[in-house]
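Shown below: data.pdb, with PDB, C-alpha atoms.
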ATOM      1  CA  MET Z   1       0.000   0.000   0.000  1.00  0.00           C
ATOM      2  CA  GLU Z   2       1.280   3.464  -0.891  1.00  0.00           C
ATOM      3  CA  ARG Z   3       0.474   5.471   2.231  1.00  0.00           C
ATOM      4  CA  LYS Z   4      -0.057   9.213   1.934  1.00  0.00           C
ATOM      5  CA  ARG Z   5       1.886  11.215   4.498  1.00  0.00           C
ATOM      6  CA  VAL Z   6      -0.283  13.776   6.290  1.00  0.00           C
ATOM      7  CA  GLY Z   7       1.367  16.581   8.231  1.00  0.00           C
ATOM      8  CA  ILE Z   8      -0.721  18.443  10.810  1.00  0.00           C
ATOM      9  CA  VAL Z   9       0.922  21.585  12.169  1.00  0.00           C
ATOM     10  CA  VAL Z  10       0.517  22.291  15.886  1.00  0.00           C
ATOM     11  CA  PHE Z  11       1.524  25.314  17.932  1.00  0.00           C
ATOM     12  CA  ASP Z  12       0.865  26.835  21.340  1.00  0.00           C
ATOM     13  CA  GLU Z  13      -2.842  27.638  21.844  1.00  0.00           C
ATOM     14  CA  VAL Z  14      -3.947  25.478  18.931  1.00  0.00           C
ATOM     15  CA  GLU Z  15      -7.583  24.336  19.256  1.00  0.00           C
ATOM     16  CA  VAL Z  16      -7.636  20.682  20.340  1.00  0.00           C
ATOM     17  CA  LEU Z  17     -10.401  19.330  18.078  1.00  0.00           C
ATOM     18  CA  ASP Z  18      -9.039  21.305  15.114  1.00  0.00           C
ATOM     19  CA  PHE Z  19      -6.116  18.891  14.874  1.00  0.00           C
ATOM     20  CA  CYS Z  20      -7.360  15.870  16.832  1.00  0.00           C
ATOM     21  CA  GLY Z  21     -10.495  15.545  14.668  1.00  0.00           C
ATOM     22  CA  PRO Z  22      -8.599  15.185  11.376  1.00  0.00           C
ATOM     23  CA  PHE Z  23      -5.953  13.054  13.104  1.00  0.00           C
ATOM     24  CA  GLU Z  24      -8.646  10.603  14.232  1.00  0.00           C
ATOM     25  CA  VAL Z  25     -10.228  10.417  10.781  1.00  0.00           C
ATOM     26  CA  PHE Z  26      -6.946   9.824   8.956  1.00  0.00           C
ATOM     27  CA  SER Z  27      -5.622   7.313  11.484  1.00  0.00           C
ATOM     28  CA  ALA Z  28      -8.961   5.452  11.676  1.00  0.00           C
ATOM     29  CA  THR Z  29      -9.367   5.027   7.904  1.00  0.00           C
ATOM     30  CA  ARG Z  30      -9.135   1.489   6.527  1.00  0.00           C
ATOM     31  CA  LEU Z  31      -9.510   0.317   2.956  1.00  0.00           C
ATOM     32  CA  ASP Z  32     -10.979  -2.987   4.164  1.00  0.00           C
ATOM     33  CA  GLU Z  33     -13.116  -2.806   7.300  1.00  0.00           C
ATOM     34  CA  ALA Z  34     -12.905  -6.589   7.712  1.00  0.00           C
ATOM     35  CA  GLN Z  35      -9.128  -6.218   8.164  1.00  0.00           C
ATOM     36  CA  ARG Z  36      -9.289  -3.210  10.499  1.00  0.00           C
ATOM     37  CA  ARG Z  37      -7.112  -4.795  13.183  1.00  0.00           C
ATOM     38  CA  ASN Z  38      -4.618  -6.252  10.723  1.00  0.00           C
ATOM     39  CA  GLU Z  39      -3.974  -3.480   8.221  1.00  0.00           C
ATOM     40  CA  PRO Z  40      -2.767   0.116   8.691  1.00  0.00           C
ATOM     41  CA  SER Z  41      -4.467   3.273   7.560  1.00  0.00           C
ATOM     42  CA  PRO Z  42      -3.591   4.420   4.041  1.00  0.00           C
ATOM     43  CA  PHE Z  43      -2.618   7.708   5.718  1.00  0.00           C
ATOM     44  CA  ASP Z  44       0.566   8.129   7.764  1.00  0.00           C
ATOM     45  CA  VAL Z  45      -0.221  11.034  10.078  1.00  0.00           C
ATOM     46  CA  LYS Z  46       2.441  13.191  11.732  1.00  0.00           C
ATOM     47  CA  LEU Z  47       2.154  16.151  14.101  1.00  0.00           C
ATOM     48  CA  ILE Z  48       4.643  18.902  13.279  1.00  0.00           C
ATOM     49  CA  SER Z  49       5.733  21.914  15.300  1.00  0.00           C
ATOM     50  CA  GLU Z  50       8.337  24.569  14.690  1.00  0.00           C
ATOM     51  CA  THR Z  51      10.947  23.089  17.024  1.00  0.00           C
ATOM     52  CA  GLY Z  52       9.592  19.597  17.645  1.00  0.00           C
ATOM     53  CA  GLU Z  53       9.299  20.425  21.332  1.00  0.00           C
ATOM     54  CA  PRO Z  54       5.996  19.890  23.216  1.00  0.00           C
ATOM     55  CA  ILE Z  55       3.291  22.499  22.724  1.00  0.00           C
ATOM     56  CA  THR Z  56       0.340  23.476  24.920  1.00  0.00           C
ATOM     57  CA  THR Z  57      -3.121  23.642  23.356  1.00  0.00           C
ATOM     58  CA  SER Z  58      -5.785  26.254  24.022  1.00  0.00           C
ATOM     59  CA  GLY Z  59      -7.354  23.928  26.619  1.00  0.00           C
ATOM     60  CA  GLY Z  60      -4.077  23.170  28.382  1.00  0.00           C
ATOM     61  CA  MET Z  61      -3.344  19.764  26.826  1.00  0.00           C
ATOM     62  CA  ARG Z  62       0.367  19.083  26.395  1.00  0.00           C
ATOM     63  CA  VAL Z  63       1.216  17.535  23.025  1.00  0.00           C
ATOM     64  CA  VAL Z  64       4.509  16.037  21.839  1.00  0.00           C
ATOM     65  CA  PRO Z  65       4.919  16.511  18.045  1.00  0.00           C
ATOM     66  CA  ASP Z  66       6.528  13.898  15.825  1.00  0.00           C
ATOM     67  CA  GLU Z  67       8.640  16.275  13.762  1.00  0.00           C
ATOM     68  CA  SER Z  68      10.117  19.773  13.678  1.00  0.00           C
ATOM     69  CA  PHE Z  69       9.978  22.061  10.647  1.00  0.00           C
ATOM     70  CA  ARG Z  70      13.635  21.326   9.974  1.00  0.00           C
ATOM     71  CA  GLY Z  71      13.335  17.544  10.219  1.00  0.00           C
ATOM     72  CA  CYS Z  72       9.940  17.142   8.577  1.00  0.00           C
ATOM     73  CA  PRO Z  73       9.887  14.728   5.617  1.00  0.00           C
ATOM     74  CA  LYS Z  74       8.050  15.464   2.369  1.00  0.00           C
ATOM     75  CA  LEU Z  75       4.293  15.712   2.880  1.00  0.00           C
ATOM     76  CA  ASP Z  76       1.504  14.675   0.539  1.00  0.00           C
ATOM     77  CA  ILE Z  77      -1.236  16.407   2.532  1.00  0.00           C
ATOM     78  CA  LEU Z  78      -0.704  19.458   4.728  1.00  0.00           C
ATOM     79  CA  CYS Z  79      -3.297  20.369   7.366  1.00  0.00           C
ATOM     80  CA  ILE Z  80      -3.262  23.670   9.270  1.00  0.00           C
ATOM     81  CA  PRO Z  81      -5.560  23.859  12.311  1.00  0.00           C
ATOM     82  CA  GLY Z  82      -6.692  27.032  14.031  1.00  0.00           C
ATOM     83  CA  GLY Z  83      -7.129  28.327  17.545  1.00  0.00           C
ATOM     84  CA  TRP Z  84      -6.281  31.419  19.509  1.00  0.00           C
ATOM     85  CA  GLY Z  85      -2.600  30.894  18.744  1.00  0.00           C
ATOM     86  CA  THR Z  86      -3.163  31.841  15.097  1.00  0.00           C
ATOM     87  CA  ARG Z  87      -3.220  35.513  16.167  1.00  0.00           C
ATOM     88  CA  ARG Z  88       0.412  35.178  17.152  1.00  0.00           C
ATOM     89  CA  GLU Z  89       1.542  32.646  14.551  1.00  0.00           C
ATOM     90  CA  ARG Z  90       0.369  34.716  11.589  1.00  0.00           C
ATOM     91  CA  ASN Z  91       3.303  37.001  12.395  1.00  0.00           C
ATOM     92  CA  ASN Z  92       5.765  34.113  12.665  1.00  0.00           C
ATOM     93  CA  THR Z  93       8.065  34.636   9.676  1.00  0.00           C
ATOM     94  CA  LEU Z  94       9.597  31.163   9.940  1.00  0.00           C
ATOM     95  CA  LEU Z  95       6.152  29.519   9.840  1.00  0.00           C
ATOM     96  CA  MET Z  96       5.035  31.652   6.897  1.00  0.00           C
ATOM     97  CA  GLU Z  97       8.089  30.726   4.842  1.00  0.00           C
ATOM     98  CA  TRP Z  98       7.805  27.052   5.788  1.00  0.00           C
ATOM     99  CA  LEU Z  99       4.131  27.018   4.744  1.00  0.00           C
ATOM    100  CA  LYS Z 100       4.929  28.506   1.344  1.00  0.00           C
ATOM    101  CA  ILE Z 101       7.588  25.879   0.653  1.00  0.00           C
ATOM    102  CA  ARG Z 102       5.575  22.925   1.940  1.00  0.00           C
ATOM    103  CA  ALA Z 103       2.345  24.009   0.260  1.00  0.00           C
ATOM    104  CA  ALA Z 104       4.127  24.061  -3.096  1.00  0.00           C
ATOM    105  CA  GLU Z 105       5.325  20.483  -2.537  1.00  0.00           C
ATOM    106  CA  ALA Z 106       2.081  18.975  -1.227  1.00  0.00           C
ATOM    107  CA  GLU Z 107      -0.669  17.383  -3.305  1.00  0.00           C
ATOM    108  CA  LEU Z 108      -3.351  18.855  -1.073  1.00  0.00           C
ATOM    109  CA  LEU Z 109      -3.399  21.893   1.225  1.00  0.00           C
ATOM    110  CA  THR Z 110      -6.067  21.992   3.942  1.00  0.00           C
ATOM    111  CA  SER Z 111      -7.054  24.106   6.920  1.00  0.00           C
ATOM    112  CA  VAL Z 112      -9.504  23.898   9.788  1.00  0.00           C
ATOM    113  CA  CYS Z 113     -11.160  26.913  11.403  1.00  0.00           C
ATOM    114  CA  THR Z 114      -8.791  29.902  11.677  1.00  0.00           C
ATOM    115  CA  GLY Z 115      -5.991  27.834  10.220  1.00  0.00           C
ATOM    116  CA  ALA Z 116      -7.175  29.541   7.032  1.00  0.00           C
ATOM    117  CA  ILE Z 117      -5.920  32.829   8.489  1.00  0.00           C
ATOM    118  CA  LEU Z 118      -2.426  31.349   8.575  1.00  0.00           C
ATOM    119  CA  LEU Z 119      -2.737  30.222   4.963  1.00  0.00           C
ATOM    120  CA  GLY Z 120      -3.907  33.679   3.950  1.00  0.00           C
ATOM    121  CA  SER Z 121      -1.086  35.335   5.869  1.00  0.00           C
ATOM    122  CA  ALA Z 122       1.361  33.168   3.925  1.00  0.00           C
ATOM    123  CA  GLY Z 123      -0.181  34.408   0.654  1.00  0.00           C
ATOM    124  CA  LEU Z 124      -1.748  31.037  -0.147  1.00  0.00           C
ATOM    125  CA  LEU Z 125      -5.385  32.170  -0.462  1.00  0.00           C
ATOM    126  CA  GLU Z 126      -5.020  34.947  -2.997  1.00  0.00           C
ATOM    127  CA  GLY Z 127      -7.534  34.479  -5.795  1.00  0.00           C
ATOM    128  CA  ARG Z 128      -8.977  31.395  -4.092  1.00  0.00           C
ATOM    129  CA  ARG Z 129     -12.264  30.486  -2.427  1.00  0.00           C
ATOM    130  CA  ALA Z 130     -12.106  29.660   1.277  1.00  0.00           C
ATOM    131  CA  THR Z 131     -13.889  29.722   4.618  1.00  0.00           C
ATOM    132  CA  THR Z 132     -13.187  29.734   8.361  1.00  0.00           C
ATOM    133  CA  HIS Z 133     -14.924  29.789  11.751  1.00  0.00           C
ATOM    134  CA  TRP Z 134     -18.139  31.810  11.577  1.00  0.00           C
ATOM    135  CA  LYS Z 135     -16.830  34.338  14.112  1.00  0.00           C
ATOM    136  CA  SER Z 136     -13.813  35.075  11.907  1.00  0.00           C
ATOM    137  CA  LEU Z 137     -15.468  35.409   8.486  1.00  0.00           C
ATOM    138  CA  ASP Z 138     -15.497  39.224   8.526  1.00  0.00           C
ATOM    139  CA  TRP Z 139     -11.948  39.335   9.894  1.00  0.00           C
ATOM    140  CA  MET Z 140     -10.852  37.070   7.060  1.00  0.00           C
ATOM    141  CA  ARG Z 141     -12.512  39.318   4.460  1.00  0.00           C
ATOM    142  CA  GLU Z 142     -10.773  42.362   5.908  1.00  0.00           C
ATOM    143  CA  LEU Z 143      -7.363  40.669   5.969  1.00  0.00           C
ATOM    144  CA  PHE Z 144      -7.549  39.063   2.519  1.00  0.00           C
ATOM    145  CA  PRO Z 145      -9.654  41.117   0.088  1.00  0.00           C
ATOM    146  CA  GLN Z 146      -8.380  39.029  -2.857  1.00  0.00           C
ATOM    147  CA  THR Z 147      -9.920  35.886  -1.335  1.00  0.00           C
ATOM    148  CA  THR Z 148     -13.566  34.929  -1.908  1.00  0.00           C
ATOM    149  CA  VAL Z 149     -14.786  34.078   1.595  1.00  0.00           C
ATOM    150  CA  LEU Z 150     -17.824  31.778   1.614  1.00  0.00           C
ATOM    151  CA  ASP Z 151     -20.079  31.787   4.644  1.00  0.00           C
ATOM    152  CA  ASP Z 152     -22.688  29.182   3.644  1.00  0.00           C
ATOM    153  CA  GLN Z 153     -20.437  26.139   3.136  1.00  0.00           C
ATOM    154  CA  HIS Z 154     -19.086  23.782   5.790  1.00  0.00           C
ATOM    155  CA  VAL Z 155     -16.085  22.786   3.674  1.00  0.00           C
ATOM    156  CA  VAL Z 156     -14.864  24.767   0.666  1.00  0.00           C
ATOM    157  CA  GLU Z 157     -12.982  22.874  -2.049  1.00  0.00           C
ATOM    158  CA  ASP Z 158     -10.978  24.891  -4.553  1.00  0.00           C
ATOM    159  CA  GLY Z 159      -8.834  22.489  -6.545  1.00  0.00           C
ATOM    160  CA  THR Z 160      -5.935  21.386  -4.355  1.00  0.00           C
ATOM    161  CA  LEU Z 161      -7.057  23.694  -1.545  1.00  0.00           C
ATOM    162  CA  MET Z 162      -9.641  22.682   1.074  1.00  0.00           C
ATOM    163  CA  THR Z 163     -10.704  24.883   3.994  1.00  0.00           C
ATOM    164  CA  SER Z 164     -13.386  24.272   6.604  1.00  0.00           C
ATOM    165  CA  ALA Z 165     -15.594  26.021   9.114  1.00  0.00           C
ATOM    166  CA  GLY Z 166     -14.765  25.913  12.802  1.00  0.00           C
ATOM    167  CA  ILE Z 167     -13.423  23.220  15.112  1.00  0.00           C
ATOM    168  CA  SER Z 168     -15.585  20.096  14.579  1.00  0.00           C
ATOM    169  CA  ALA Z 169     -15.767  20.889  10.845  1.00  0.00           C
ATOM    170  CA  GLY Z 170     -12.246  19.490  10.579  1.00  0.00           C
ATOM    171  CA  ILE Z 171     -13.731  16.005  10.899  1.00  0.00           C
ATOM    172  CA  ASP Z 172     -15.928  16.632   7.863  1.00  0.00           C
ATOM    173  CA  LEU Z 173     -13.008  18.097   5.936  1.00  0.00           C
ATOM    174  CA  ALA Z 174     -10.897  15.029   6.671  1.00  0.00           C
ATOM    175  CA  LEU Z 175     -13.730  12.711   5.588  1.00  0.00           C
ATOM    176  CA  LYS Z 176     -13.868  14.611   2.290  1.00  0.00           C
ATOM    177  CA  VAL Z 177     -10.118  14.094   1.913  1.00  0.00           C
ATOM    178  CA  VAL Z 178     -10.593  10.366   2.509  1.00  0.00           C
ATOM    179  CA  ALA Z 179     -13.356  10.305  -0.131  1.00  0.00           C
ATOM    180  CA  ARG Z 180     -11.151  12.217  -2.575  1.00  0.00           C
ATOM    181  CA  TYR Z 181      -8.352   9.665  -2.309  1.00  0.00           C
ATOM    182  CA  HIS Z 182     -10.241   6.431  -1.650  1.00  0.00           C
ATOM    183  CA  GLY Z 183     -13.901   6.967  -2.520  1.00  0.00           C
ATOM    184  CA  GLU Z 184     -17.066   7.738  -0.611  1.00  0.00           C
ATOM    185  CA  GLU Z 185     -17.601   4.141   0.509  1.00  0.00           C
ATOM    186  CA  VAL Z 186     -14.346   4.159   2.476  1.00  0.00           C
ATOM    187  CA  ALA Z 187     -15.131   7.616   3.895  1.00  0.00           C
ATOM    188  CA  ARG Z 188     -18.590   6.459   5.004  1.00  0.00           C
ATOM    189  CA  ALA Z 189     -17.125   3.350   6.628  1.00  0.00           C
ATOM    190  CA  THR Z 190     -14.639   5.543   8.494  1.00  0.00           C
ATOM    191  CA  ALA Z 191     -17.411   7.812   9.774  1.00  0.00           C
ATOM    192  CA  ARG Z 192     -19.459   4.782  10.821  1.00  0.00           C
ATOM    193  CA  HIS Z 193     -16.505   3.323  12.724  1.00  0.00           C
ATOM    194  CA  MET Z 194     -16.173   6.644  14.538  1.00  0.00           C
ATOM    195  CA  GLU Z 195     -19.950   6.712  15.174  1.00  0.00           C
ATOM    196  CA  TYR Z 196     -19.979  10.079  13.434  1.00  0.00           C
ATOM    197  CA  PRO Z 197     -22.759  11.050  11.009  1.00  0.00           C
ATOM    198  CA  PHE Z 198     -21.424  11.210   7.472  1.00  0.00           C
ATOM    199  CA  PRO Z 199     -22.051  14.733   6.073  1.00  0.00           C
ATOM    200  CA  GLU Z 200     -24.910  14.418   3.585  1.00  0.00           C
ATOM    201  CA  THR Z 201     -24.881  18.113   2.723  1.00  0.00           C
ATOM    202  CA  ASN Z 202     -22.197  20.762   2.704  1.00  0.00           C
ATOM    203  CA  MET Z 203     -24.244  23.584   4.186  1.00  0.00           C
ATOM    204  CA  ARG Z 204     -22.743  25.396   7.170  1.00  0.00           C
ATOM    205  CA  ARG Z 205     -24.333  23.970  10.303  1.00  0.00           C
ATOM    206  CA  VAL Z 206     -24.208  27.036  12.516  1.00  0.00           C
ATOM    207  CA  ALA Z 207     -26.664  29.841  11.757  1.00  0.00           C
ATOM    208  CA  LEU Z 208     -24.856  33.141  11.287  1.00  0.00           C
ATOM    209  CA  PRO Z 209     -25.984  36.081  13.416  1.00  0.00           C
TER
END

Target encoding structure tokens, full file:
Amino acid sequence: MERKRVGIVVFDEVEVLDFCGPFEVFSATRLDEAQRRNEPSPFDVKLISETGEPITTSGGMRVVPDESFRGCPKLDILCIPGGWGTRRERNNTLLMEWLKIRAAEAELLTSVCTGAILLGSAGLLEGRRATTHWKSLDWMRELFPQTTVLDDQHVVEDGTLMTSAGISAGIDLALKVVARYHGEEVARATARHMEYPFPETNMRRVALP
């Protein structure tokens, strides 16, 4: 099996479910449910931080990443979660440069919640369609006027770019990634294993004020 390497970036004050949701989906995926205990996921998921040292999430969870920016291998899929820490990280020059390089190498670039703000700050949303957490939609429009910000979709797909609404929407985004690579049947089986309702529509689930 050719496993796709997924890199999920983590940083201090990252939102827990933003990265844990996609991590669970990718690690729980199986091409043959009957062989769930005997075969690995077709996705090899790694957590990546700037230094490789432990980070502290927005809820206080301590997380030990697998790789640092410097030691990170080539990635097929890059996932950028959000959280309060994005306000600081969008001014992190090292992260911005790393994102530009890695995004150009990856087959698929994804973000969850305000992770899209980091992509935009790295210049990766210009001329693209994208979305983010409902509370940050106006902020995103102000920051990136060359980006078409959609407020009615749960997950926005624009070619090799996929962005999602807030927090739990990362699960739906990851299921769409699974379907893109391995078909809807595998994605539905993954959702069923997780006892998570497979998204039948792509409408944003939270009513905007």

Using the chain letters and numbering of this document, enumerate as a PDB file with C-alpha atoms, keeping the file's coordinate frame the residues selected by the PyMOL selection byres ((chain Z and resi 71) around 10).
ATOM      1  CA  ILE Z  48       4.643  18.902  13.279  1.00  0.00           C
ATOM      2  CA  GLU Z  50       8.337  24.569  14.690  1.00  0.00           C
ATOM      3  CA  THR Z  51      10.947  23.089  17.024  1.00  0.00           C
ATOM      4  CA  GLY Z  52       9.592  19.597  17.645  1.00  0.00           C
ATOM      5  CA  ASP Z  66       6.528  13.898  15.825  1.00  0.00           C
ATOM      6  CA  GLU Z  67       8.640  16.275  13.762  1.00  0.00           C
ATOM      7  CA  SER Z  68      10.117  19.773  13.678  1.00  0.00           C
ATOM      8  CA  PHE Z  69       9.978  22.061  10.647  1.00  0.00           C
ATOM      9  CA  ARG Z  70      13.635  21.326   9.974  1.00  0.00           C
ATOM     10  CA  CYS Z  72       9.940  17.142   8.577  1.00  0.00           C
ATOM     11  CA  PRO Z  73       9.887  14.728   5.617  1.00  0.00           C
ATOM     12  CA  LYS Z  74       8.050  15.464   2.369  1.00  0.00           C
TER      13      LYS Z  74
END

Next on the checklist: Which residues, named as in the file, does the PyMOL selection byres ((chain Z and resi 115) around 7) pick out? Answer as a ChimeraX atom specification.
Outcome noted: /Z:80-82,86,111-114,116-119

Checklist entry - Applied to this file, what does the PyMOL selection byres ((chain Z and resi 96) around 10) return in terms of residues, put as an NGL selection string? => result :Z and (89-95 or 97-101 or 118-124)

Item to check | 7 Å contact set for Ala28 in chain Z, all atoms listed in the file, chain neighbours under 2 positions out, as number ranges by chain | outcome: Z: 24-26, 30, 41, 190

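Taking all atoms listed in the file into account, Trp134 in chain Z lies nearest to Z:Val206 out of the set Z:Val63, Z:Val156, Z:Ala106, Z:Val206.
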
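CA of Val16 in chain Z is found 9.8 Å from CA of Ser168 in chain Z.
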
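Of the listed residues Z:Asp12, Z:Glu200, Z:Asp32, Z:Glu105, the one whose atoms come nearest to Pro65 in chain Z is Z:Asp12, with distances taken using only C-alpha atoms.
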
Item to check | Å distance separating CA of Thr56 in chain Z from CA of Arg5 in chain Z, one decimal place | outcome: 23.9 Å

Next on the checklist: Within 6 Å of (-11.0, 34.2, -3.2) (file coordinates; only C-alpha atoms), which protein or nucleic acid residues are there? I'd like them as a list in words.
Outcome noted: Gly127, Arg128, Arg129, Gln146, Thr147 and Thr148 of chain Z

Can you write just those residues out, C-alpha atoms, as a PDB file, in the coordinates of the input?
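Once written, out32.pdb looks like this:
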ATOM      1  CA  GLY Z 127      -7.534  34.479  -5.795  1.00  0.00           C
ATOM      2  CA  ARG Z 128      -8.977  31.395  -4.092  1.00  0.00           C
ATOM      3  CA  ARG Z 129     -12.264  30.486  -2.427  1.00  0.00           C
ATOM      4  CA  GLN Z 146      -8.380  39.029  -2.857  1.00  0.00           C
ATOM      5  CA  THR Z 147      -9.920  35.886  -1.335  1.00  0.00           C
ATOM      6  CA  THR Z 148     -13.566  34.929  -1.908  1.00  0.00           C
TER       7      THR Z 148
END

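In this structure, CA of Val177 in chain Z sits 10.8 Å away from CA of Cys79 in chain Z.
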